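Visitor: So that you have it, the file is query-v7.cif, and it contains mmCIF, C-alpha atoms:
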data_target
#
loop_
_atom_site.label_atom_id
_atom_site.label_comp_id
_atom_site.auth_asym_id
_atom_site.auth_seq_id
_atom_site.Cartn_x
_atom_site.Cartn_y
_atom_site.Cartn_z
CA MET A 1 -31.14 -7.25 2.28
CA ILE A 2 -27.34 -7.23 2.49
CA LYS A 3 -27.21 -3.55 1.59
CA ILE A 4 -29.79 -2.74 4.28
CA LEU A 5 -27.71 -4.63 6.85
CA SER A 6 -24.62 -2.77 5.74
CA TYR A 7 -25.97 0.60 6.93
CA PRO A 8 -25.82 -0.03 10.72
CA LEU A 9 -22.63 -2.08 10.39
CA SER A 10 -21.01 0.69 8.35
CA VAL A 11 -21.86 3.26 11.03
CA ILE A 12 -20.22 1.07 13.69
CA TYR A 13 -17.24 0.40 11.43
CA ASN A 14 -16.67 4.06 10.60
CA ILE A 15 -16.83 5.06 14.27
CA ILE A 16 -14.35 2.39 15.36
CA PHE A 17 -12.11 2.98 12.32
CA GLY A 18 -12.01 6.71 13.06
CA LEU A 19 -11.36 6.18 16.76
CA THR A 20 -8.51 3.81 15.92
CA LEU A 21 -6.85 6.49 13.80
CA VAL A 22 -7.36 9.10 16.53
CA VAL A 23 -5.97 6.85 19.29
CA PHE A 24 -2.89 5.85 17.29
CA HIS A 25 -2.00 9.43 16.34
CA PRO A 26 -0.51 10.36 19.76
CA ILE A 27 0.96 6.87 20.04
CA GLN A 28 2.84 7.45 16.80
CA TRP A 29 3.92 10.90 17.95
CA PHE A 30 5.28 9.54 21.23
CA CYS A 31 7.06 6.61 19.58
CA PHE A 32 8.67 8.81 16.94
CA ASN A 33 9.73 11.65 19.24
CA ALA A 34 10.60 9.72 22.40
CA LEU A 35 11.70 6.29 21.16
CA GLY A 36 12.85 6.81 17.60
CA PRO A 37 11.94 5.79 14.03
CA ARG A 38 12.02 2.04 14.61
CA ALA A 39 9.56 2.28 17.51
CA HIS A 40 7.40 4.53 15.36
CA GLU A 41 7.42 1.92 12.61
CA LYS A 42 6.27 -0.75 15.07
CA SER A 43 3.41 1.48 16.17
CA VAL A 44 2.43 1.86 12.52
CA PHE A 45 2.39 -1.91 12.05
CA ALA A 46 0.19 -2.24 15.15
CA LEU A 47 -2.15 0.32 13.60
CA GLN A 48 -2.40 -1.71 10.39
CA PHE A 49 -3.27 -4.84 12.38
CA CYS A 50 -6.00 -2.96 14.25
CA LEU A 51 -7.42 -1.56 11.01
CA MET A 52 -7.71 -5.11 9.70
CA ARG A 53 -9.63 -6.05 12.84
CA CYS A 54 -11.89 -3.04 12.26
CA ALA A 55 -12.71 -4.41 8.82
CA ASN A 56 -13.72 -7.71 10.38
CA ILE A 57 -16.81 -5.86 11.65
CA LEU A 58 -17.97 -5.82 8.03
CA GLY A 59 -17.29 -9.53 7.62
CA THR A 60 -14.09 -8.78 5.73
CA ARG A 61 -11.45 -11.49 5.50
CA PHE A 62 -7.84 -11.12 4.39
CA SER A 63 -5.54 -13.71 2.82
CA LEU A 64 -1.93 -13.60 1.69
CA ASN A 65 -0.61 -16.11 -0.83
CA ASN A 66 3.17 -15.89 -0.81
CA PRO A 67 5.03 -19.12 -1.60
CA HIS A 68 8.33 -17.28 -2.06
CA GLN A 69 11.19 -16.78 0.38
CA ILE A 70 12.10 -13.12 -0.01
CA ASP A 71 15.34 -11.80 1.46
CA THR A 72 14.69 -9.23 4.19
CA ASN A 73 18.17 -7.70 3.86
CA ARG A 74 17.85 -6.16 0.45
CA PRO A 75 15.70 -3.46 -1.13
CA LEU A 76 12.44 -4.37 -2.82
CA ILE A 77 10.18 -2.67 -5.31
CA ILE A 78 6.69 -3.99 -4.61
CA VAL A 79 4.43 -3.36 -7.61
CA ALA A 80 0.68 -3.88 -7.20
CA ASN A 81 -2.65 -3.03 -8.75
CA HIS A 82 -4.75 -0.52 -6.82
CA GLN A 83 -8.46 -0.95 -6.01
CA SER A 84 -9.09 1.07 -2.84
CA LEU A 85 -7.54 2.41 0.35
CA HIS A 86 -8.17 -1.07 1.76
CA ASP A 87 -5.20 -2.30 -0.29
CA ILE A 88 -2.80 -0.39 1.89
CA TYR A 89 -3.11 -1.49 5.50
CA PRO A 90 -3.21 -5.26 4.82
CA LEU A 91 -0.29 -5.00 2.39
CA THR A 92 1.68 -3.04 4.99
CA TRP A 93 0.95 -5.66 7.65
CA TYR A 94 1.73 -8.66 5.47
CA MET A 95 5.00 -7.19 4.16
CA ARG A 96 6.08 -5.60 7.43
CA LYS A 97 9.35 -7.57 7.62
CA HIS A 98 10.47 -5.64 4.55
CA HIS A 99 9.64 -2.17 5.96
CA PRO A 100 7.23 -1.10 3.20
CA LYS A 101 7.17 2.60 2.30
CA PHE A 102 4.53 4.03 -0.01
CA ILE A 103 4.36 6.60 -2.77
CA SER A 104 1.35 8.77 -1.98
CA LYS A 105 -0.28 11.91 -3.30
CA ILE A 106 0.75 14.96 -1.35
CA GLU A 107 -2.81 15.79 -0.26
CA LEU A 108 -2.83 12.79 2.08
CA GLY A 109 0.08 14.23 4.04
CA ARG A 110 -2.20 16.51 6.03
CA GLY A 111 -5.54 16.39 7.83
CA ILE A 112 -5.93 12.64 8.44
CA PRO A 113 -5.15 11.39 11.97
CA SER A 114 -2.39 8.76 12.05
CA VAL A 115 -2.27 8.40 8.27
CA SER A 116 -0.88 11.86 7.53
CA TYR A 117 1.59 11.68 10.40
CA ASN A 118 2.95 8.36 9.18
CA LEU A 119 3.25 9.58 5.60
CA ARG A 120 5.19 12.65 6.73
CA HIS A 121 7.48 10.89 9.22
CA GLY A 122 7.56 7.24 8.18
CA GLY A 123 9.61 7.47 5.01
CA ALA A 124 6.88 7.76 2.37
CA ALA A 125 7.21 9.79 -0.82
CA LEU A 126 4.60 12.54 -0.97
CA ILE A 127 4.24 13.70 -4.55
CA ASP A 128 2.25 16.34 -6.36
CA ARG A 129 1.16 14.56 -9.52
CA LYS A 130 0.44 17.91 -11.21
CA ASN A 131 3.91 19.29 -10.50
CA PRO A 132 6.84 17.37 -12.03
CA ARG A 133 9.32 19.80 -10.46
CA GLN A 134 8.22 18.53 -7.06
CA SER A 135 7.33 14.92 -7.82
CA LEU A 136 10.43 13.85 -9.76
CA PRO A 137 13.00 14.96 -7.13
CA ALA A 138 10.78 13.48 -4.39
CA LEU A 139 10.73 10.11 -6.17
CA MET A 140 14.48 10.17 -6.74
CA LYS A 141 15.15 10.95 -3.08
CA PHE A 142 12.70 8.23 -2.08
CA GLY A 143 14.48 5.67 -4.27
CA GLU A 144 17.86 6.55 -2.78
CA TYR A 145 16.37 6.18 0.70
CA ILE A 146 15.02 2.71 -0.12
CA GLU A 147 18.32 1.60 -1.66
CA LYS A 148 20.36 2.83 1.30
CA ASN A 149 18.20 1.24 4.01
CA ASN A 150 17.18 -2.03 2.29
CA TYR A 151 13.51 -1.13 2.60
CA ALA A 152 10.60 -1.89 0.27
CA ALA A 153 9.16 0.75 -2.04
CA VAL A 154 5.48 0.14 -2.78
CA ILE A 155 4.12 1.60 -5.99
CA PHE A 156 0.70 1.42 -7.66
CA PRO A 157 1.56 2.14 -11.31
CA GLU A 158 -2.06 2.51 -12.41
CA GLY A 159 -1.94 5.93 -10.79
CA THR A 160 -5.57 5.87 -9.63
CA ARG A 161 -7.81 3.25 -8.06
CA SER A 162 -9.92 0.89 -10.11
CA LYS A 163 -13.55 1.31 -9.02
CA ASP A 164 -14.69 -2.08 -10.34
CA GLY A 165 -11.51 -4.15 -10.13
CA THR A 166 -10.71 -3.83 -13.83
CA PRO A 167 -6.99 -2.99 -14.07
CA LYS A 168 -5.89 0.21 -15.78
CA PRO A 169 -2.80 0.65 -17.98
CA PHE A 170 0.43 1.12 -16.06
CA GLN A 171 2.12 4.50 -16.00
CA THR A 172 5.84 3.90 -16.33
CA LYS A 173 7.56 7.09 -15.17
CA GLY A 174 7.54 6.25 -11.47
CA LEU A 175 8.84 2.75 -12.12
CA ASP A 176 11.59 4.08 -14.37
CA ILE A 177 12.83 6.36 -11.59
CA LEU A 178 12.73 3.62 -8.96
CA PHE A 179 14.61 1.24 -11.26
CA LYS A 180 17.38 3.82 -11.67
CA LYS A 181 17.59 4.77 -8.00
CA ILE A 182 17.22 1.25 -6.51
CA PRO A 183 19.52 -0.76 -8.82
CA SER A 184 20.01 -3.67 -6.40
CA ALA A 185 16.27 -4.18 -5.89
CA LEU A 186 14.23 -7.32 -6.18
CA VAL A 187 10.98 -6.53 -7.97
CA VAL A 188 7.94 -8.16 -6.35
CA PRO A 189 4.66 -8.14 -8.33
CA VAL A 190 1.47 -8.42 -6.23
CA SER A 191 -2.11 -8.97 -7.42
CA ILE A 192 -4.84 -7.57 -5.17
CA ASN A 193 -8.40 -8.84 -5.47
CA ASN A 194 -11.78 -7.73 -4.11
CA SER A 195 -10.63 -4.58 -2.36
CA TRP A 196 -12.89 -2.53 -4.63
CA LYS A 197 -15.90 -4.40 -3.29
CA MET A 198 -15.46 -2.61 0.04
CA LEU A 199 -16.70 0.48 -1.81
CA ARG A 200 -19.17 -1.17 -4.16
CA TYR A 201 -21.94 1.20 -3.00
CA GLY A 202 -19.67 4.24 -2.89
CA LYS A 203 -18.23 5.63 0.34
CA PHE A 204 -21.34 4.65 2.31
CA PRO A 205 -22.53 2.08 3.12
CA MET A 206 -19.60 -0.31 3.00
CA GLY A 207 -19.61 -3.63 1.20
CA LEU A 208 -20.05 -6.67 3.45
CA GLY A 209 -18.49 -10.11 3.55
CA ASN A 210 -15.59 -9.50 1.19
CA HIS A 211 -12.51 -11.69 0.95
CA LEU A 212 -9.50 -9.55 0.08
CA THR A 213 -6.63 -11.56 -1.35
CA PHE A 214 -3.00 -10.57 -1.89
CA THR A 215 -1.03 -12.83 -4.23
CA VAL A 216 2.75 -12.40 -4.30
CA HIS A 217 4.21 -13.51 -7.63
CA LYS A 218 7.74 -14.72 -8.32
CA PRO A 219 10.23 -11.95 -7.53
CA LEU A 220 12.37 -10.66 -10.40
CA GLU A 221 15.99 -9.54 -10.24
CA LEU A 222 16.04 -5.99 -11.53
CA ALA A 223 19.71 -6.17 -12.52
CA THR A 224 19.11 -9.06 -14.94
CA PHE A 225 16.82 -6.95 -17.17
CA VAL A 226 18.69 -4.74 -19.61
CA ASN A 227 15.45 -3.63 -21.24
CA LYS A 228 13.43 -2.09 -18.41
CA GLN A 229 10.35 -1.56 -20.59
CA GLU A 230 10.31 -5.29 -21.18
CA LEU A 231 10.45 -5.79 -17.42
CA ILE A 232 7.54 -3.40 -16.87
CA ALA A 233 5.49 -5.21 -19.52
CA GLN A 234 6.20 -8.55 -17.81
CA ILE A 235 5.24 -7.17 -14.39
CA GLU A 236 2.01 -5.72 -15.76
CA THR A 237 1.08 -8.98 -17.49
CA THR A 238 1.81 -11.00 -14.35
CA ILE A 239 -0.21 -8.75 -12.05
CA LYS A 240 -3.20 -8.51 -14.38
CA ALA A 241 -3.26 -12.28 -14.90
CA GLY A 242 -3.80 -12.63 -11.14
CA ILE A 243 -6.75 -10.23 -10.98
CA ASN A 244 -10.31 -11.58 -10.99
CA HIS A 245 -12.49 -9.25 -13.02
#
Would you mind giving the structure from this file in structure tokens?
Guide:
Amino acid sequence: MIKILSYPLSVIYNIIFGLTLVVFHPIQWFCFNALGPRAHEKSVFALQFCLMRCANILGTRFSLNNPHQIDTNRPLIIVANHQSLHDIYPLTWYMRKHHPKFISKIELGRGIPSVSYNLRHGGAALIDRKNPRQSLPALMKFGEYIEKNNYAAVIFPEGTRSKDGTPKPFQTKGLDILFKKIPSALVVPVSINNSWKMLRYGKFPMGLGNHLTFTVHKPLELATFVNKQELIAQIETTIKAGINH
């Protein structure tokens, strides 16, 4: 019965979601070109808020559990598990005070209204995972950018999304580069739950009535860890312990 109901709601959701992206594309363009990067960033945050409201059509709820006071005047490395594209817009909205910037595959940098424009102009790292000659310099430049501006780098070390919520082993190369290029960072582990349920039936219809939760764990001072592999293992253990699967 729920799956049957999801068909008409998914049609409505996809139309409104798509229109939201189309409407915000020229808004982003105007803000970036006429008002500057900071205005563009605010338009992006407004987009994320609207995308969350779009998801409410499907009965989706969002919750952030963050008992920690995190300094907004220093760089962060936000490390999270990855379950679906629905991880991204709530995480961006909830962490907006820290100016989150994402590492994304290069294919997303073109062809998607609003999303591609933001990735190209909003400070993201667009990497070709099949081409180390492109991806490694892009990550290093991205890390330097985060360090210089006291922004937050967001990385999903699993590399690909988990289709059933079960976490995958972390890939360490990206983290290693960020650790080297953002030496003053505070590392913030985040566990994401139930995002995969939005796509439990595949791309269509959408899952209904899901409660997406984002749990921010105790931040870790990067500089206090001499053994970075030990740090990565601790981050991975912490994140996975907060995943319901």
Visitor: For His211 (chain A), which residue among A:Tyr117, A:Tyr13, A:Phe30, A:Phe62 is the nearest when counting only C-alpha atoms?
Guide: A:Phe62
Visitor: For Trp196 (chain A), which of A:Pro100, A:Gly122, A:Pro90, A:Gly165 is the closest residue, counting only C-alpha atoms?
Guide: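 Between A:Pro100, A:Gly122, A:Pro90, A:Gly165, the residue approaching Trp196 (chain A) most closely is A:Gly165.
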Visitor: Name the residues that the PyMOL selection byres ((chain A and resi 48-59) around 7) pulls out of this structure, and write them as number ranges by chain.
Guide: A: 9, 13, 16-17, 44-47, 60-61, 89-90, 92-93, 208-210
Visitor: Quick one, how far is CA of Ala124 (chain A) from CA of Ser104 (chain A)?
Guide: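 Atom-to-atom, CA of Ala124 (chain A) and CA of Ser104 (chain A) are spaced 7.1 Å apart.
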Visitor: Could you tell me which of A:Thr224, A:Lys42, A:Ile155, A:Leu186 comes closest to Gln69 (chain A) if we count only C-alpha atoms?
Guide: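 Once distances to Gln69 (chain A) are computed over only C-alpha atoms, the minimum belongs to A:Leu186.
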Visitor: Looking at only C-alpha atoms, which of A:Leu220, A:His82, A:Phe32, A:Ser63 is the one that sits closest to Lys168 (chain A)?
Guide: A:His82
Visitor: Could you spell out the hits of the PyMOL selection byres ((chain A and resi 3-5) around 10) on the shown file, as a PDB file with C-alpha atoms, in the frame of the given file?
Guide:
ATOM      1  CA  MET A   1     -31.140  -7.250   2.280  1.00  0.00           C
ATOM      2  CA  ILE A   2     -27.340  -7.230   2.490  1.00  0.00           C
ATOM      3  CA  SER A   6     -24.620  -2.770   5.740  1.00  0.00           C
ATOM      4  CA  TYR A   7     -25.970   0.600   6.930  1.00  0.00           C
ATOM      5  CA  PRO A   8     -25.820  -0.030  10.720  1.00  0.00           C
ATOM      6  CA  LEU A   9     -22.630  -2.080  10.390  1.00  0.00           C
ATOM      7  CA  SER A  10     -21.010   0.690   8.350  1.00  0.00           C
ATOM      8  CA  LEU A  58     -17.970  -5.820   8.030  1.00  0.00           C
ATOM      9  CA  TYR A 201     -21.940   1.200  -3.000  1.00  0.00           C
ATOM     10  CA  PRO A 205     -22.530   2.080   3.120  1.00  0.00           C
ATOM     11  CA  MET A 206     -19.600  -0.310   3.000  1.00  0.00           C
ATOM     12  CA  GLY A 207     -19.610  -3.630   1.200  1.00  0.00           C
ATOM     13  CA  LEU A 208     -20.050  -6.670   3.450  1.00  0.00           C
TER      14      LEU A 208
END
